[in-house]
Each structure stands twice: as C-alpha cells, then as structure tokens.
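Below: one structure, written as structure tokens.
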Amino acid sequence: MTAAQPRTGRRAASGSRYQALDLLATLVAIVDADGVVQWSNATLEDLLGVSRRSIAGLLLCDWFEAPELLQNALASASGNEYALIRYDDRIRRPGHEPLQVHVLLAQMEEAGRFLVELLPLEQQARMEREERLLEQAQANKELIRNLAHEIKNPLGGIRGAAQLLQMELDSRELIEYAQVIIHEADRLQVLVDRLLAPHRRARVVGDVNIHEVCERVRALVLAEFPRGLTVVRDYDTSIPEFRGDREQLIQALLNIVHNAAHALERRIERGDAEIVLRTRVARQITFGKQRYKLALELHVIDNGPGVPDEIKDRIFYPLVSGKDGGSGLGLNLAQTFVQQHQGLIECDSVPGRTDFKLLIPLP
C-alpha cells in the first residue's frame, strides 16, 4: 500500500499527554477534524509496521479499504451529531492481509481532536473468550471451595456412624454393607481433598527455568509410557528465568501431558504416538485483559484424536473428563496453577492435532 503523503503545514501533537494510551492493547490514533493523525499508540505502530513518527501527519482514512466511512464519521462527530460512532472496516497493512476491525470514534475534550480506537474483530472475540474463561474459573473456584467444605463435615459424620455401626453388627452381610459405606466415604474424602488442594498449599516462589520443568515432566511421562511414545523437545533456550512456583508448574504441565498421553493410547499401541513440547517467546501479546511486552508460550502438541466436540468448550471445568474413569480435575487444576502465575491456558484441537498453549508473563 502507498500511504498518503504528510499534509503540509500540519504538525503532530505532542505525545506526552497521550502516553497512558500506550498501555492499551487496542489500536489507538488521535486525529484532527480532517482525519490527519496527530498521535498513535505503540499497538497501532506495531500492527502497521511503521513508526509513529512516520504515521503522524498522514490521513488515517488512507489506511482503510472504505475511507469514506471514517470521513463521514468525522463529519458527524464534528457536527456534534453523535457522541460515539461505531462501524466495521478493514485496515490495510503493508506486507499482510487486511485486518477486519471494529472502529470507535469519539470527540475528545481537546478542541478539534478525535480519538479513533480500532478493535481487531478476531482479537475482540479472543478477549471476550478469555474474559469468560477467567470469570468461569473464578466462579468454579468459589463453587468448588464452598461445595467441598459443605461435603466434608457430613462426610466425616457418615463415615464415623458407619464405623460405629460396623462394631455393633453380628451379620457378616451387614458388616460388608457398612464397609462399603466406609470405603465410599473415604473415596469421596480423597476427591474433596483434591478439590481443596490448590487452595491449601502455600506457594513457594523462586526462580523457574521452564526447560527444567519440561524435562522433569518429560522424564515422568516416558517412565510411564516407555514404548510407542515419542516426546519431542522444541525449545527456545533464550527464554529467561522468571519468578514462580516450580512445583505448581510441574504439576500443571504434567496434568496436560499426561492427558495427552492417555488420549494417544491407540497410537502408542501402533508405535507412532508423538507429543511435542515447544517453548517460544511471544512479544507484545495481550491476554487476561493485560498487554505484556514478553510472555512465555509453552505448547503441548499431540497427534491424537482431538478433544471430543461435546466437551470442547468445557474441558477446564471441574469434573469434566473425556476418558472413562477420569476425575475431570487435571485440566482444571492446571488452569488454576497457571492463573496463579497471571497466565492462561488455551486449547486448539482438531482430529490429529491438539495444542494446549500455556501463556505466562516474562520479566
């Protein structure tokens, strides 16, 4: 694309007063009534691949596929017809496909200045999905804690009563019934303890080398599945250490890799099962409503059958499992531990390839 030449006689406004907008994950430009860019934030600069100094003085509408939409919006806002104007368009990017964006235009308190915010529709959908995931995780955590505590006390009473009853019985058959009650109460107690485990143990924070975590998990899984499974290392060794709870991250990663290995049982029998542990650095990434300069991307990729469609949207919920006899706590626990590191786990699954991606901010 050939951008418009800077308008003569125009000077970019000082960006110092707009520096807070650099913290936003969305694309922001400040324009005048003619649509000439006075300032742009770092996110827009990164997207266009052009420095903000080069963007300043250009017509913002020239970056759009339908420039008349922005021109009309500016005219309406200048005439005080609307306080906020919204519409959809596509923004051109040098060397890339145009990006579908939702445009919001609002008049600023500063006379003759307008704020244009661009929300990539894909990013907006992702942010909404992440927000729902975080809200669900918080609600699940509170539900689990309350439910587990409510179960714990009567469960102890049931077990105690069954023990006393067992001591008073003479019939072998009735004693066996009492033992069934005690056994099942113990099994439920173990489940309750597992539900409460993430909230009981104090975090032990120290320097974490993510590749030491990966190697520990790799060794554990290969010890359990010594034949038919290959665990491939694909590491970016430049990733720095970060502060975190090493044991929590080992458990989170182990739960994910262990699930993947069980999903690969048929391919393990054939000898062609594969799990890839891939680490990368993501730059200028947004997740959990925050923007980070650097973040760890840890991928666990398997060549299994994929997550069943009926549970794909609920795999991080407690007690949801895709395998017979599974407790449905592994992925929920992993998500809890990663969220305690201000991170997030995402899943992309199709038959033949499932990718669990752990995102954790880096210093």
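Ordered as shown in the structure tokens, chains take letters A, B, and onward, while each chain numbers its residues from 1 and ligands are numbered from 1 in the order shown.
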
Determine, using only C-alpha atoms, which residues of segment 231-339 of chain A have any atom at most 8 Å from an atom of segment 345-361 of chain A, and tabulate each with its shortest atom pair and distance in Å to one decimal place, rows ordered by chain and then rising number, as CSV.
```
residue,atom,partner,partner_atom,distance
A:Ile256,CA,A:Phe356,CA,7.7
A:Tyr292,CA,A:Pro361,CA,6.6
A:Leu294,CA,A:Pro361,CA,6.3
A:Ala295,CA,A:Pro361,CA,4.2
A:Leu296,CA,A:Ile360,CA,5.1
A:Glu297,CA,A:Leu359,CA,5.0
A:Leu298,CA,A:Leu358,CA,5.0
A:His299,CA,A:Lys357,CA,4.5
A:Val300,CA,A:Phe356,CA,5.1
A:Ile301,CA,A:Asp355,CA,4.4
A:Asp302,CA,A:Thr354,CA,5.4
A:Asn303,CA,A:Arg353,CA,4.7
A:Gly304,CA,A:Gly352,CA,5.1
A:Pro305,CA,A:Pro351,CA,4.7
A:Gly306,CA,A:Pro351,CA,4.6
A:Val307,CA,A:Ser349,CA,6.0
A:Gln335,CA,A:Ile345,CA,6.0
A:Val338,CA,A:Ile345,CA,7.1
```

Q.
Give me, as a PyMOL selection string, the residues of segment 34-183 of chain A that a backbone DSSP run labels alpha helix (DSSP H).
A. chain A and resi 42-48+52-55+67-78+121-168+172-183

Dump of C-alpha atoms for the selected residues, as a PDB file, in the first residue's frame:
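That gives us selection32.pdb:
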```pdb
ATOM      1  CA  ALA A  42       2.557   1.597  20.248  1.00  0.00           C
ATOM      2  CA  THR A  43      -0.005  -1.096  19.403  1.00  0.00           C
ATOM      3  CA  LEU A  44      -1.013   0.629  16.169  1.00  0.00           C
ATOM      4  CA  GLU A  45       2.639   1.245  15.375  1.00  0.00           C
ATOM      5  CA  ASP A  46       3.392  -2.481  15.799  1.00  0.00           C
ATOM      6  CA  LEU A  47       0.419  -3.549  13.682  1.00  0.00           C
ATOM      7  CA  LEU A  48       1.205  -1.275  10.747  1.00  0.00           C
ATOM      8  CA  ARG A  52       4.527   6.578  14.917  1.00  0.00           C
ATOM      9  CA  ARG A  53       6.721   9.413  13.721  1.00  0.00           C
ATOM     10  CA  SER A  54       6.055   8.286  10.145  1.00  0.00           C
ATOM     11  CA  ILE A  55       2.328   7.835  10.796  1.00  0.00           C
ATOM     12  CA  PRO A  67     -12.018   5.624   3.673  1.00  0.00           C
ATOM     13  CA  GLU A  68     -15.352   7.402   3.217  1.00  0.00           C
ATOM     14  CA  LEU A  69     -16.690   5.702   6.362  1.00  0.00           C
ATOM     15  CA  LEU A  70     -14.133   7.441   8.573  1.00  0.00           C
ATOM     16  CA  GLN A  71     -14.593  10.724   6.711  1.00  0.00           C
ATOM     17  CA  ASN A  72     -18.358  10.579   7.275  1.00  0.00           C
ATOM     18  CA  ALA A  73     -17.876   9.649  10.930  1.00  0.00           C
ATOM     19  CA  LEU A  74     -15.544  12.611  11.465  1.00  0.00           C
ATOM     20  CA  ALA A  75     -18.026  14.955   9.820  1.00  0.00           C
ATOM     21  CA  SER A  76     -20.828  13.679  12.056  1.00  0.00           C
ATOM     22  CA  ALA A  77     -18.697  13.921  15.197  1.00  0.00           C
ATOM     23  CA  SER A  78     -17.505  17.422  14.272  1.00  0.00           C
ATOM     24  CA  LEU A 121     -12.585  -8.484  15.480  1.00  0.00           C
ATOM     25  CA  GLU A 122     -10.536 -11.644  15.971  1.00  0.00           C
ATOM     26  CA  GLN A 123      -8.755 -10.098  18.948  1.00  0.00           C
ATOM     27  CA  GLN A 124     -12.026  -8.792  20.343  1.00  0.00           C
ATOM     28  CA  ALA A 125     -13.551 -12.268  20.151  1.00  0.00           C
ATOM     29  CA  ARG A 126     -10.454 -13.726  21.799  1.00  0.00           C
ATOM     30  CA  MET A 127     -10.527 -11.170  24.603  1.00  0.00           C
ATOM     31  CA  GLU A 128     -14.193 -11.898  25.222  1.00  0.00           C
ATOM     32  CA  ARG A 129     -13.427 -15.636  25.264  1.00  0.00           C
ATOM     33  CA  GLU A 130     -10.556 -15.116  27.722  1.00  0.00           C
ATOM     34  CA  GLU A 131     -12.734 -12.908  29.900  1.00  0.00           C
ATOM     35  CA  ARG A 132     -15.414 -15.601  30.020  1.00  0.00           C
ATOM     36  CA  LEU A 133     -12.757 -18.206  30.809  1.00  0.00           C
ATOM     37  CA  LEU A 134     -11.369 -16.155  33.701  1.00  0.00           C
ATOM     38  CA  GLU A 135     -14.836 -15.443  35.061  1.00  0.00           C
ATOM     39  CA  GLN A 136     -15.744 -19.110  34.799  1.00  0.00           C
ATOM     40  CA  ALA A 137     -12.523 -20.122  36.533  1.00  0.00           C
ATOM     41  CA  GLN A 138     -13.193 -17.734  39.402  1.00  0.00           C
ATOM     42  CA  ALA A 139     -16.786 -18.904  39.738  1.00  0.00           C
ATOM     43  CA  ASN A 140     -15.686 -22.546  39.593  1.00  0.00           C
ATOM     44  CA  LYS A 141     -13.067 -21.939  42.278  1.00  0.00           C
ATOM     45  CA  GLU A 142     -15.596 -20.426  44.659  1.00  0.00           C
ATOM     46  CA  LEU A 143     -18.131 -23.143  43.879  1.00  0.00           C
ATOM     47  CA  ILE A 144     -15.598 -25.912  44.467  1.00  0.00           C
ATOM     48  CA  ARG A 145     -14.364 -24.485  47.744  1.00  0.00           C
ATOM     49  CA  ASN A 146     -17.858 -23.959  49.113  1.00  0.00           C
ATOM     50  CA  LEU A 147     -19.119 -27.323  47.883  1.00  0.00           C
ATOM     51  CA  ALA A 148     -16.093 -29.196  49.213  1.00  0.00           C
ATOM     52  CA  HIS A 149     -16.452 -27.647  52.658  1.00  0.00           C
ATOM     53  CA  GLU A 150     -20.172 -28.417  52.696  1.00  0.00           C
ATOM     54  CA  ILE A 151     -19.471 -32.057  51.799  1.00  0.00           C
ATOM     55  CA  LYS A 152     -16.534 -32.509  54.161  1.00  0.00           C
ATOM     56  CA  ASN A 153     -18.347 -32.226  57.509  1.00  0.00           C
ATOM     57  CA  PRO A 154     -21.329 -34.561  56.854  1.00  0.00           C
ATOM     58  CA  LEU A 155     -18.972 -36.978  55.108  1.00  0.00           C
ATOM     59  CA  GLY A 156     -16.966 -37.361  58.305  1.00  0.00           C
ATOM     60  CA  GLY A 157     -20.184 -37.963  60.213  1.00  0.00           C
ATOM     61  CA  ILE A 158     -21.326 -40.635  57.764  1.00  0.00           C
ATOM     62  CA  ARG A 159     -18.000 -42.459  57.990  1.00  0.00           C
ATOM     63  CA  GLY A 160     -17.941 -42.301  61.775  1.00  0.00           C
ATOM     64  CA  ALA A 161     -21.502 -43.574  62.043  1.00  0.00           C
ATOM     65  CA  ALA A 162     -20.716 -46.457  59.668  1.00  0.00           C
ATOM     66  CA  GLN A 163     -17.697 -47.438  61.765  1.00  0.00           C
ATOM     67  CA  LEU A 164     -19.772 -47.465  64.953  1.00  0.00           C
ATOM     68  CA  LEU A 165     -22.485 -49.443  63.201  1.00  0.00           C
ATOM     69  CA  GLN A 166     -19.929 -51.981  61.960  1.00  0.00           C
ATOM     70  CA  MET A 167     -18.754 -52.596  65.533  1.00  0.00           C
ATOM     71  CA  GLU A 168     -22.318 -53.363  66.669  1.00  0.00           C
ATOM     72  CA  ARG A 172     -21.360 -60.750  58.055  1.00  0.00           C
ATOM     73  CA  GLU A 173     -23.538 -59.426  55.229  1.00  0.00           C
ATOM     74  CA  LEU A 174     -24.480 -56.271  57.151  1.00  0.00           C
ATOM     75  CA  ILE A 175     -20.851 -55.707  58.131  1.00  0.00           C
ATOM     76  CA  GLU A 176     -19.924 -55.786  54.428  1.00  0.00           C
ATOM     77  CA  TYR A 177     -22.581 -53.140  53.747  1.00  0.00           C
ATOM     78  CA  ALA A 178     -21.087 -50.944  56.463  1.00  0.00           C
ATOM     79  CA  GLN A 179     -17.610 -51.438  54.954  1.00  0.00           C
ATOM     80  CA  VAL A 180     -18.956 -50.331  51.558  1.00  0.00           C
ATOM     81  CA  ILE A 181     -20.203 -47.097  53.180  1.00  0.00           C
ATOM     82  CA  ILE A 182     -16.790 -46.520  54.824  1.00  0.00           C
ATOM     83  CA  HIS A 183     -14.930 -47.257  51.569  1.00  0.00           C
TER      84      HIS A 183
END
```

*asked:* Which residues are close to segment 272-275 of chain A, i.e. within 9 Å by only C-alpha atoms, leaving aside same-chain residues fewer than 6 positions away? Reply as a PyMOL selection string.
replied: chain A and resi 228-233+257+260-261+264-266+300-304

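Relative to atom CA of Phe114 of chain A, atom CA of Leu99 of chain A is found at 21.9 Å.
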
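Relative to atom CA of Leu119 of chain A, atom CA of Asp88 of chain A is found at 9.3 Å.
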
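Of note, atom CA of Arg86 of chain A and atom CA of Ala33 of chain A are spaced 16.8 Å apart.
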
Within 8 Å of Asp207 of chain A, counting only C-alpha atoms, which residues qualify if same-chain residues fewer than 6 places away don't, as a PyMOL selection string? chain A and resi 241-244+246
